[in-house]
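Undergrad: Structure supplied as structure_9.cif; contents: mmCIF, C-alpha atoms.
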data_work
#
loop_
_atom_site.label_atom_id
_atom_site.label_comp_id
_atom_site.auth_asym_id
_atom_site.auth_seq_id
_atom_site.Cartn_x
_atom_site.Cartn_y
_atom_site.Cartn_z
CA MET X 1 -28.73 -20.95 13.97
CA THR X 2 -29.72 -21.35 17.58
CA PRO X 3 -28.71 -18.80 20.23
CA LYS X 4 -26.53 -21.45 21.79
CA SER X 5 -24.60 -22.00 18.56
CA VAL X 6 -24.11 -18.28 18.08
CA MET X 7 -22.85 -17.96 21.66
CA VAL X 8 -20.32 -20.72 21.05
CA LEU X 9 -19.05 -18.86 18.01
CA GLY X 10 -19.00 -15.59 19.86
CA LEU X 11 -16.98 -16.97 22.78
CA ALA X 12 -14.58 -18.72 20.43
CA THR X 13 -13.92 -15.50 18.58
CA VAL X 14 -13.51 -13.51 21.79
CA ALA X 15 -10.86 -16.00 22.87
CA ALA X 16 -9.11 -15.78 19.51
CA VAL X 17 -9.14 -11.99 19.56
CA GLY X 18 -7.89 -11.88 23.14
CA ALA X 19 -5.08 -14.32 22.43
CA ALA X 20 -3.85 -12.78 19.20
CA ALA X 21 -1.00 -10.30 19.29
CA TYR X 22 -1.79 -7.99 16.41
CA SER X 23 0.90 -5.93 14.79
CA LEU X 24 -0.98 -3.03 13.21
CA SER X 25 1.94 -0.85 12.27
CA SER X 26 1.96 0.47 8.73
CA SER X 27 4.23 -0.83 6.04
CA PRO X 28 7.42 1.22 5.55
CA THR X 29 6.34 1.86 1.98
CA ALA X 30 2.75 2.82 2.76
CA ILE X 31 1.61 6.39 2.10
CA SER X 32 -1.03 6.24 4.82
CA THR X 33 -1.56 6.55 8.56
CA ALA X 34 -1.45 3.56 10.89
CA VAL X 35 -4.52 3.09 13.06
CA SER X 36 -5.82 0.38 15.36
CA GLY X 37 -8.89 -0.83 17.22
CA ALA X 38 -12.03 -2.73 16.30
CA VAL X 39 -13.98 -1.47 13.31
CA PHE X 40 -17.17 -2.17 15.27
CA PRO X 41 -16.36 -1.92 18.99
CA GLY X 42 -18.59 -4.09 21.13
CA LEU X 43 -20.04 -6.06 18.23
CA ILE X 44 -18.41 -9.24 19.45
CA ASP X 45 -20.64 -9.03 22.53
CA LYS X 46 -23.76 -8.67 20.38
CA VAL X 47 -23.39 -11.54 17.93
CA ASN X 48 -26.36 -13.23 19.57
CA ASP X 49 -28.48 -10.16 18.88
CA VAL X 50 -28.08 -10.23 15.10
CA THR X 51 -31.34 -11.27 13.42
CA LYS X 52 -30.87 -9.86 9.93
CA VAL X 53 -28.04 -9.49 7.42
CA LEU X 54 -28.63 -7.20 4.44
CA ILE X 55 -26.30 -7.15 1.43
CA ASP X 56 -26.46 -4.70 -1.49
CA HIS X 57 -24.49 -5.04 -4.72
CA ARG X 58 -25.43 -3.28 -7.95
CA ASP X 59 -29.10 -4.09 -8.59
CA LYS X 60 -29.17 -7.03 -6.17
CA THR X 61 -30.18 -7.21 -2.52
CA LEU X 62 -29.93 -10.27 -0.31
CA THR X 63 -32.01 -10.33 2.87
CA ILE X 64 -30.92 -13.01 5.32
CA SER X 65 -33.04 -13.28 8.46
CA ARG X 66 -33.04 -15.44 11.58
CA GLY X 67 -36.36 -16.76 12.83
CA LYS X 68 -37.57 -19.58 15.05
CA ASP X 69 -36.67 -22.15 12.37
CA GLY X 70 -33.22 -20.73 11.69
CA TRP X 71 -31.80 -18.53 8.94
CA SER X 72 -33.50 -18.01 5.58
CA MET X 73 -33.27 -15.76 2.52
CA ALA X 74 -36.22 -13.62 1.44
CA GLU X 75 -35.07 -13.38 -2.19
CA ALA X 76 -35.07 -17.19 -2.37
CA ASP X 77 -38.68 -17.34 -1.13
CA GLY X 78 -37.56 -18.18 2.39
CA TYR X 79 -35.23 -21.06 1.49
CA ALA X 80 -32.93 -22.11 4.31
CA VAL X 81 -29.56 -20.41 4.72
CA ALA X 82 -26.71 -22.55 6.03
CA PRO X 83 -26.16 -21.45 9.65
CA LYS X 84 -22.39 -21.59 9.27
CA ASN X 85 -22.53 -19.07 6.42
CA ALA X 86 -24.60 -16.54 8.33
CA GLU X 87 -22.60 -17.03 11.52
CA LYS X 88 -19.29 -16.66 9.74
CA VAL X 89 -19.87 -13.21 8.26
CA VAL X 90 -21.22 -11.87 11.59
CA VAL X 91 -18.09 -13.03 13.40
CA GLN X 92 -15.84 -11.74 10.62
CA LEU X 93 -17.31 -8.24 10.96
CA ALA X 94 -16.90 -8.36 14.72
CA ASP X 95 -13.28 -9.43 14.28
CA LEU X 96 -12.21 -6.67 11.87
CA ASN X 97 -9.55 -4.24 13.10
CA PHE X 98 -8.42 -0.96 11.57
CA TYR X 99 -4.98 -1.22 9.97
CA GLU X 100 -4.33 1.86 7.83
CA MET X 101 -6.21 5.00 6.88
CA LYS X 102 -6.57 5.43 3.15
CA THR X 103 -8.12 7.98 0.83
CA LYS X 104 -11.02 10.35 1.46
CA LYS X 105 -11.39 11.16 -2.23
CA PRO X 106 -14.54 9.65 -3.81
CA GLU X 107 -12.89 9.66 -7.22
CA LEU X 108 -10.38 7.12 -5.89
CA TYR X 109 -12.89 4.78 -4.26
CA ASP X 110 -13.11 2.51 -7.26
CA ARG X 111 -9.43 1.62 -6.92
CA LEU X 112 -10.23 0.08 -3.56
CA HIS X 113 -13.64 -1.26 -4.69
CA VAL X 114 -15.44 0.79 -2.03
CA GLU X 115 -17.47 2.96 -4.41
CA ASP X 116 -21.27 3.21 -4.26
CA PRO X 117 -22.41 -0.45 -4.12
CA LYS X 118 -25.51 0.39 -6.16
CA GLY X 119 -23.48 1.60 -9.15
CA GLU X 120 -24.04 -0.32 -12.38
CA GLU X 121 -20.45 -1.57 -12.53
CA SER X 122 -19.59 -1.25 -8.84
CA GLU X 123 -17.34 -3.78 -7.14
CA GLY X 124 -18.31 -2.53 -3.68
CA ARG X 125 -20.57 -4.60 -1.47
CA ARG X 126 -22.53 -3.08 1.39
CA ILE X 127 -23.35 -5.27 4.36
CA ARG X 128 -25.53 -4.35 7.32
CA LEU X 129 -26.38 -6.21 10.51
CA PHE X 130 -29.59 -5.57 12.45
CA ASP X 131 -31.03 -6.69 15.75
CA ALA X 132 -34.64 -7.74 16.41
CA GLU X 133 -35.74 -4.13 16.94
CA GLY X 134 -34.24 -3.02 13.63
CA LYS X 135 -31.25 -1.29 15.18
CA VAL X 136 -28.19 -1.22 12.95
CA LEU X 137 -25.32 -3.07 14.61
CA ALA X 138 -22.86 -2.78 11.71
CA ASP X 139 -22.84 -0.98 8.36
CA LEU X 140 -19.95 -1.29 5.96
CA VAL X 141 -18.92 -1.12 2.31
CA ALA X 142 -16.48 -3.98 1.72
CA GLY X 143 -13.99 -3.71 -1.12
CA ARG X 144 -10.87 -5.29 -2.49
CA LYS X 145 -8.87 -7.75 -0.40
CA ARG X 146 -5.20 -7.60 0.55
CA TYR X 147 -3.05 -10.59 1.41
CA ASN X 148 0.31 -9.07 2.33
CA LEU X 149 -0.25 -7.26 5.61
CA VAL X 150 2.63 -6.89 8.05
CA GLY X 151 2.04 -8.56 11.38
CA ALA X 152 0.26 -11.61 12.75
CA ARG X 153 -2.67 -11.21 10.36
CA LYS X 154 -1.77 -11.32 6.69
CA GLU X 155 -5.25 -10.87 5.19
CA GLY X 156 -7.10 -7.59 5.02
CA VAL X 157 -9.88 -5.79 3.20
CA TYR X 158 -10.47 -2.20 2.12
CA ILE X 159 -13.55 -0.74 3.80
CA ARG X 160 -15.64 2.40 4.06
CA LYS X 161 -18.47 3.27 6.39
CA PRO X 162 -21.41 4.79 4.46
CA GLU X 163 -21.83 8.56 4.88
CA ASN X 164 -18.16 8.77 5.90
CA PRO X 165 -15.65 9.76 3.20
CA GLN X 166 -12.74 8.08 5.00
CA THR X 167 -11.58 4.70 3.76
CA TRP X 168 -9.42 2.18 5.58
CA LEU X 169 -7.50 -0.99 5.14
CA ALA X 170 -8.79 -3.33 7.83
CA ALA X 171 -7.04 -6.42 9.16
CA GLY X 172 -9.09 -9.58 9.08
CA GLU X 173 -11.00 -11.84 6.77
CA LEU X 174 -14.33 -10.69 5.32
CA ASN X 175 -16.29 -12.55 2.65
CA VAL X 176 -19.40 -10.69 1.50
CA GLU X 177 -20.92 -13.04 -1.07
CA VAL X 178 -23.57 -11.78 -3.48
CA ARG X 179 -24.61 -15.07 -5.07
CA PRO X 180 -27.51 -16.75 -3.28
CA GLY X 181 -25.94 -20.17 -3.60
CA GLU X 182 -23.02 -19.07 -1.44
CA TRP X 183 -25.45 -18.59 1.46
CA LEU X 184 -28.18 -21.20 1.00
CA VAL X 185 -28.06 -24.81 2.13
CA GLU X 186 -26.53 -25.90 -1.14
CA GLY X 187 -27.10 -29.62 -1.40
CA ILE X 188 -30.11 -30.79 -3.42
CA VAL X 189 -29.31 -34.48 -3.85
CA ASP X 190 -26.18 -36.59 -3.86
CA ILE X 191 -26.44 -39.85 -5.78
CA GLY X 192 -22.99 -41.03 -6.76
CA GLU X 193 -22.22 -41.95 -10.35
CA LYS X 194 -21.28 -45.46 -9.21
CA GLU X 195 -24.81 -45.93 -7.89
CA ILE X 196 -26.43 -45.18 -11.26
CA ALA X 197 -27.31 -48.07 -13.56
CA ARG X 198 -29.24 -46.13 -16.22
CA ALA X 199 -30.10 -42.55 -17.14
CA VAL X 200 -32.61 -41.43 -19.76
CA VAL X 201 -33.11 -37.83 -20.94
CA ARG X 202 -36.18 -36.92 -23.00
CA HIS X 203 -36.01 -33.66 -24.92
CA PRO X 204 -39.16 -31.67 -25.78
CA ASP X 205 -38.76 -32.48 -29.50
CA GLY X 206 -38.83 -36.22 -28.78
CA GLU X 207 -35.13 -37.00 -28.87
CA VAL X 208 -34.07 -39.52 -26.23
CA VAL X 209 -30.56 -39.77 -24.80
CA GLU X 210 -29.93 -42.97 -22.88
CA VAL X 211 -26.79 -44.15 -21.11
CA SER X 212 -26.38 -47.31 -19.06
CA LYS X 213 -23.82 -49.44 -17.26
CA PRO X 214 -25.25 -52.88 -16.40
CA ASP X 215 -21.89 -54.03 -15.06
CA PRO X 216 -20.95 -51.86 -12.06
CA GLU X 217 -17.31 -52.78 -12.59
CA ALA X 218 -17.27 -51.40 -16.14
CA ARG X 219 -15.18 -48.27 -16.61
CA ASN X 220 -17.66 -46.22 -18.65
CA PHE X 221 -21.34 -45.91 -19.41
CA THR X 222 -22.60 -46.86 -22.85
CA LEU X 223 -24.53 -44.44 -25.03
CA ALA X 224 -27.48 -46.10 -26.76
CA GLY X 225 -28.35 -45.60 -30.41
CA ILE X 226 -25.00 -44.56 -31.86
CA PRO X 227 -25.56 -44.37 -35.65
CA GLU X 228 -23.46 -46.31 -38.12
CA GLY X 229 -20.26 -44.46 -38.97
CA LYS X 230 -20.21 -42.53 -35.69
CA GLN X 231 -18.34 -42.93 -32.42
CA LEU X 232 -18.01 -41.11 -29.14
CA LYS X 233 -15.80 -38.04 -29.10
CA TYR X 234 -14.75 -39.03 -25.60
CA ASP X 235 -15.38 -42.37 -23.94
CA THR X 236 -16.25 -40.56 -20.70
CA ASP X 237 -19.01 -38.35 -22.16
CA PRO X 238 -21.84 -40.71 -21.13
CA ASN X 239 -20.38 -40.76 -17.60
CA ASN X 240 -20.94 -37.02 -17.32
CA LEU X 241 -24.66 -37.44 -17.90
CA ALA X 242 -24.90 -40.22 -15.33
CA ALA X 243 -23.08 -38.00 -12.82
CA VAL X 244 -25.62 -35.16 -12.87
CA PRO X 245 -27.17 -36.20 -9.49
CA ASP X 246 -23.70 -36.66 -7.98
CA GLN X 247 -23.28 -33.78 -5.48
CA LEU X 248 -25.98 -31.78 -7.23
CA ASN X 249 -25.95 -28.35 -5.59
CA LEU X 250 -28.09 -25.29 -6.14
CA GLU X 251 -27.21 -21.76 -7.18
CA ASP X 252 -30.60 -20.36 -6.15
CA ALA X 253 -34.05 -21.55 -5.12
CA ARG X 254 -37.69 -20.56 -5.48
CA LYS X 255 -40.96 -21.96 -4.28
CA ALA X 256 -42.78 -24.25 -6.70
CA GLY X 257 -44.87 -22.23 -9.10
CA ALA X 258 -42.36 -19.40 -9.42
CA ILE X 259 -40.90 -21.07 -12.53
CA ALA X 260 -43.13 -22.56 -15.24
CA PHE X 261 -42.33 -25.93 -16.80
CA PRO X 262 -44.24 -25.97 -20.14
CA ASP X 263 -44.47 -29.39 -21.81
CA GLY X 264 -42.97 -28.09 -25.04
CA GLU X 265 -39.90 -26.62 -23.31
CA THR X 266 -39.14 -29.02 -20.48
CA ILE X 267 -36.40 -31.64 -20.51
CA GLN X 268 -37.14 -34.69 -18.38
CA ALA X 269 -34.31 -36.85 -17.07
CA THR X 270 -34.68 -40.06 -15.10
CA PHE X 271 -31.85 -41.67 -13.14
CA GLU X 272 -32.16 -45.25 -11.88
CA THR X 273 -29.89 -46.69 -9.22
CA ARG X 274 -28.82 -50.27 -8.71
CA ASP X 275 -30.88 -50.59 -5.54
CA GLY X 276 -34.11 -49.40 -7.16
CA LEU X 277 -34.20 -45.65 -6.51
CA SER X 278 -35.55 -43.49 -9.35
CA LEU X 279 -34.93 -39.75 -9.54
CA THR X 280 -36.74 -37.54 -12.06
CA ILE X 281 -35.38 -34.09 -12.89
CA ASP X 282 -37.48 -31.72 -14.99
CA ALA X 283 -35.39 -28.86 -16.35
CA VAL X 284 -36.27 -25.68 -18.22
CA SER X 285 -34.26 -22.68 -19.40
CA LYS X 286 -35.21 -19.20 -18.22
CA ASP X 287 -33.20 -15.99 -18.62
CA ASP X 288 -29.98 -17.84 -19.48
CA SER X 289 -30.33 -20.10 -16.44
CA THR X 290 -31.55 -23.66 -16.01
CA TRP X 291 -34.15 -24.35 -13.32
CA ALA X 292 -35.14 -27.80 -12.15
CA ARG X 293 -37.75 -29.57 -10.07
CA LEU X 294 -37.10 -33.03 -8.65
CA LYS X 295 -39.08 -36.03 -7.55
CA ALA X 296 -37.87 -39.36 -6.25
CA GLY X 297 -39.57 -42.72 -6.60
CA THR X 298 -38.74 -46.41 -6.55
CA MET X 299 -38.89 -49.32 -8.95
CA ALA X 300 -40.81 -52.52 -8.25
CA ASP X 301 -37.75 -54.40 -6.97
CA ALA X 302 -36.41 -51.53 -4.88
CA LYS X 303 -34.62 -52.32 -1.63
CA PRO X 304 -35.90 -50.86 1.64
CA GLU X 305 -32.95 -48.46 1.76
CA ALA X 306 -33.96 -47.05 -1.61
CA ARG X 307 -37.54 -46.47 -0.47
CA LYS X 308 -36.32 -44.68 2.63
CA ARG X 309 -33.96 -42.55 0.58
CA ALA X 310 -36.72 -41.61 -1.86
CA ASP X 311 -38.86 -40.40 1.02
CA GLU X 312 -35.98 -38.33 2.40
CA ILE X 313 -35.33 -36.71 -0.98
CA ASN X 314 -38.99 -35.87 -1.54
CA LYS X 315 -39.30 -34.36 1.91
CA ARG X 316 -36.39 -32.06 1.10
CA VAL X 317 -37.24 -31.02 -2.46
CA GLU X 318 -41.04 -30.98 -2.43
CA GLY X 319 -42.38 -27.50 -3.02
CA TRP X 320 -39.13 -26.08 -4.40
CA VAL X 321 -37.43 -25.44 -7.73
CA TYR X 322 -33.70 -24.96 -8.07
CA LYS X 323 -31.32 -23.02 -10.27
CA LEU X 324 -28.66 -25.49 -11.42
CA PRO X 325 -24.94 -24.84 -11.81
CA GLY X 326 -24.00 -24.24 -15.43
CA PHE X 327 -21.84 -27.33 -15.82
CA LYS X 328 -24.61 -29.61 -14.51
CA ALA X 329 -27.16 -27.95 -16.80
CA THR X 330 -24.87 -28.44 -19.80
CA ARG X 331 -24.53 -32.15 -19.08
CA LEU X 332 -28.27 -32.51 -18.67
CA THR X 333 -29.15 -30.77 -21.94
CA ARG X 334 -26.63 -32.41 -24.27
CA ARG X 335 -27.87 -34.20 -27.38
CA VAL X 336 -26.65 -37.47 -28.84
CA ALA X 337 -24.97 -35.59 -31.69
CA ASP X 338 -23.03 -33.46 -29.20
CA MET X 339 -21.19 -36.58 -28.01
CA LEU X 340 -20.39 -38.06 -31.41
CA LYS X 341 -17.88 -37.68 -34.20
CA ASP X 342 -17.26 -39.48 -37.49
CA LYS X 343 -15.36 -42.73 -37.36
CA PRO X 344 -12.01 -42.49 -39.11
CA ALA X 345 -11.95 -43.95 -42.60
CA SER X 346 -10.67 -47.51 -42.65
#
In structure tokens, how does this file's structure come out?
TA:
Amino acid sequence: MTPKSVMVLGLATVAAVGAAAYSLSSSPTAISTAVSGAVFPGLIDKVNDVTKVLIDHRDKTLTISRGKDGWSMAEADGYAVAPKNAEKVVVQLADLNFYEMKTKKPELYDRLHVEDPKGEESEGRRIRLFDAEGKVLADLVAGRKRYNLVGARKEGVYIRKPENPQTWLAAGELNVEVRPGEWLVEGIVDIGEKEIARAVVRHPDGEVVEVSKPDPEARNFTLAGIPEGKQLKYDTDPNNLAAVPDQLNLEDARKAGAIAFPDGETIQATFETRDGLSLTIDAVSKDDSTWARLKAGTMADAKPEARKRADEINKRVEGWVYKLPGFKATRLTRRVADMLKDKPAS
């Protein structure tokens, strides 16, 4: 995120805040005290100064920092954070307004999800903003959301400032995500299913799963090697394998070398497009997650566009490994038997 882009966001939010007519009176049924004013006065004027966002939740910490090349996440080995994601949470914090005072009793914090964020089963999420000198610009425990506020703003969130027993309901939107993939530049590759002509998956034990669709107008891919007496459970099952590179997004990222890909444990999948692009995905399971490394190439008859695309993909993915979404990993690791059932007796 460049200073210019942050300034644009900051000015836009200032205008929105100045134009909005907030009704911060308490609900007639509320057993609490109505309050008003910005949760972090003056923060809207300092959005350009934010260089680090720190999030704590249970045993996880996310460190999102802004440098000369933009935003990145330390826990993802410096992988790029989408500027819009970092910018959004900064502006959301600046835009929060007090709505109602709530409890001061720690034993009731868990009802609002503002308990100690480091607790083993805590729902609270602590977020801090820092400037380049390490000065704290905002520090907050964000809890449960509310969607029925009275007034111009309907959405709110329960909050607590650390070291202060008082809790509040604040008016405004605040999304404090704790999954890396919600912050990182999520797209790995995007090769549409319609572009794929053939996909081959080789399992470590030697089993090969191959699907193809020579005719681009055909409805479904064909699974090779279906044994006598068997048929597909669902005609669309082979399509799911071919669609793995279609909008393939990450859930996390690490630098190459952080995850091992042993020959005896690695699945290798190759996807070939109609214009000659070839994409290889090596996948391995680790701690109940599937990690992948990618490499693009071209076939002998590849079109110039395919060669250019292969170069673009390699430039993006070289040096990185990615944690795959569960549904993509499941499609990638399926066996032939998983897609078959017995033919009905004739």
Undergrad: So what do you get for CA of Val141 in chain X versus CA of Thr167 in chain X, distance-wise?
TA: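 According to the coordinates, CA of Val141 in chain X and CA of Thr167 in chain X are separated by 9.5 Å.
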Undergrad: Could you list, as a PyMOL selection string, every residue within 9 Å of Asn175 in chain X, counting all atoms listed in the file and ignoring same-chain residues fewer than 6 positions away?
TA: chain X and resi 88-89+92+142
Undergrad: Give as a PyMOL selection string the residues that the PyMOL selection byres ((chain X and resi 207) around 12) matches when applied to the coordinates above.
TA: chain X and resi 200-206+208-210+225+267-269+333-337
Undergrad: Between X:Glu217, X:Asp288, X:Glu251, X:Asp190, which one has atoms that come closest to Tyr79 in chain X, using all atoms listed in the file?
TA: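 Using all atoms listed in the file, the shortest distance to Tyr79 in chain X belongs to X:Glu251.
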Undergrad: What's the separation between CA of Arg153 in chain X and CA of Leu174 in chain X, in Å to one decimal place?
TA: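 Those two atoms sit 12.7 Å apart.
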Undergrad: Go through X:Val284, X:Leu250, X:Leu108, X:Leu277 one by one, measure the shortest atom-to-atom distance of each to Glu182 in chain X using only C-alpha atoms, and give the residue with the smallest value.
TA: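 For Glu182 in chain X, the nearest of the given residues is X:Leu250.
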Undergrad: Name every residue that the PyMOL selection byres ((chain X and resi 274) around 7) selects in this structure, writing the answer as a list of chain:residue names with chains first and numbers rising.
TA: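 Applying the PyMOL selection byres ((chain X and resi 274) around 7) to the structure shown produces X:Glu195, X:Ile196, X:Ala197, X:Glu272, X:Thr273, X:Asp275, X:Gly276.
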Undergrad: Would you list the contacts of Pro41 in chain X as a count of residues only, taking every protein, DNA or RNA residue within 12 Å and counting only C-alpha atoms, but skipping same-chain residues closer than 5 positions in sequence?
TA: 11
Undergrad: Could you tell me how far CA of Gly124 in chain X sits from CA of Lys145 in chain X, in Å to one decimal place?
TA: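 Atom-to-atom, CA of Lys145 in chain X to CA of Gly124 in chain X, that is 11.3 Å.
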Undergrad: Evaluate the PyMOL selection byres ((chain X and resi 74) around 12) against this structure - the residues, as a list in words, please.
TA: Lys52, Val53, Leu54, Ile55, Thr61, Leu62, Thr63, Ile64, Ser65, Arg66, Gly67, Trp71, Ser72, Met73, Glu75, Ala76, Asp77, Gly78, Tyr79, Ala80, Val81, Pro180, Trp183, Leu184, Asp252, Ala253, Arg254 and Lys255 of chain X
Undergrad: Tell me which of X:Asn85, X:Asn239, X:Thr103, X:Asn148 sits closest to Glu193 in chain X, counting all atoms listed in the file.
TA: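 Nearest to Glu193 in chain X: X:Asn239.
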Undergrad: From the set X:Ala152, X:Ala86, X:Ile281, X:Met339, which residue has the shortest atom-to-atom contact distance to Val185 in chain X, counting only C-alpha atoms?
TA: X:Ala86
Undergrad: Please work out which residues fall within 12 Å of (-34.0, -33.3, -15.6), coordinates as given in the file, with only C-alpha atoms counting, and return them as number ranges by chain.
TA: X: 199-204, 209, 241-242, 244-245, 248, 261, 265-271, 279-285, 290-296, 321-324, 328-334
Undergrad: So, counting all atoms listed in the file, which residue among X:Leu129, X:Lys341, X:Val189, X:Glu173 is closest to Asp235 in chain X?
TA: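 Ranking X:Leu129, X:Lys341, X:Val189, X:Glu173 by distance to Asp235 in chain X, first place goes to X:Lys341.
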Undergrad: Using all atoms listed in the file for the distances, tell me which of X:Lys105, X:Ala256, X:Ala170, X:Pro165 is nearest to Tyr147 in chain X.
TA: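 That would be X:Ala170, the residue with the smallest distance to Tyr147 in chain X.
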Undergrad: Is it possible to get the axis-aligned box enclosing range 286-305 of chain X (all listed atoms, 3 Å extra per side) as lines of an AutoDock Vina configuration file, with centre and edge lengths in Å rounded to one decimal?
TA:
center_x = -35.4
center_y = -35.2
center_z = -8.9
size_x = 16.8
size_y = 44.4
size_z = 27.2
Undergrad: Name the residues in contact with Glu123 in chain X at a cut-off of 12 Å, using all atoms listed in the file, excluding same-chain residues fewer than 3 positions from it; report them as a list in words.
TA: Asp56, His57, Arg58, Asp59, Tyr109, Asp110, Arg111, Leu112, His113, Val114, Glu115, Asp116, Pro117, Lys118, Gly119, Glu120, Arg126, Val141, Ala142, Gly143, Arg144, Lys145, Tyr158, Ile159, Val176, Glu177 and Val178 of chain X
Undergrad: Those same residues - C-alpha atoms - I'd like them written as a compact mmCIF listing (two decimals), keeping the file's coordinate frame.
TA:
# COMPACT_ATOMS: atom_id res chain seq x y z
CA ASP X 56 -26.46 -4.70 -1.49
CA HIS X 57 -24.49 -5.04 -4.72
CA ARG X 58 -25.43 -3.28 -7.95
CA ASP X 59 -29.10 -4.09 -8.59
CA TYR X 109 -12.89 4.78 -4.26
CA ASP X 110 -13.11 2.51 -7.26
CA ARG X 111 -9.43 1.62 -6.92
CA LEU X 112 -10.23 0.08 -3.56
CA HIS X 113 -13.64 -1.26 -4.69
CA VAL X 114 -15.44 0.79 -2.03
CA GLU X 115 -17.47 2.96 -4.41
CA ASP X 116 -21.27 3.21 -4.26
CA PRO X 117 -22.41 -0.45 -4.12
CA LYS X 118 -25.51 0.39 -6.16
CA GLY X 119 -23.48 1.60 -9.15
CA GLU X 120 -24.04 -0.32 -12.38
CA ARG X 126 -22.53 -3.08 1.39
CA VAL X 141 -18.92 -1.12 2.31
CA ALA X 142 -16.48 -3.98 1.72
CA GLY X 143 -13.99 -3.71 -1.12
CA ARG X 144 -10.87 -5.29 -2.49
CA LYS X 145 -8.87 -7.75 -0.40
CA TYR X 158 -10.47 -2.20 2.12
CA ILE X 159 -13.55 -0.74 3.80
CA VAL X 176 -19.40 -10.69 1.50
CA GLU X 177 -20.92 -13.04 -1.07
CA VAL X 178 -23.57 -11.78 -3.48
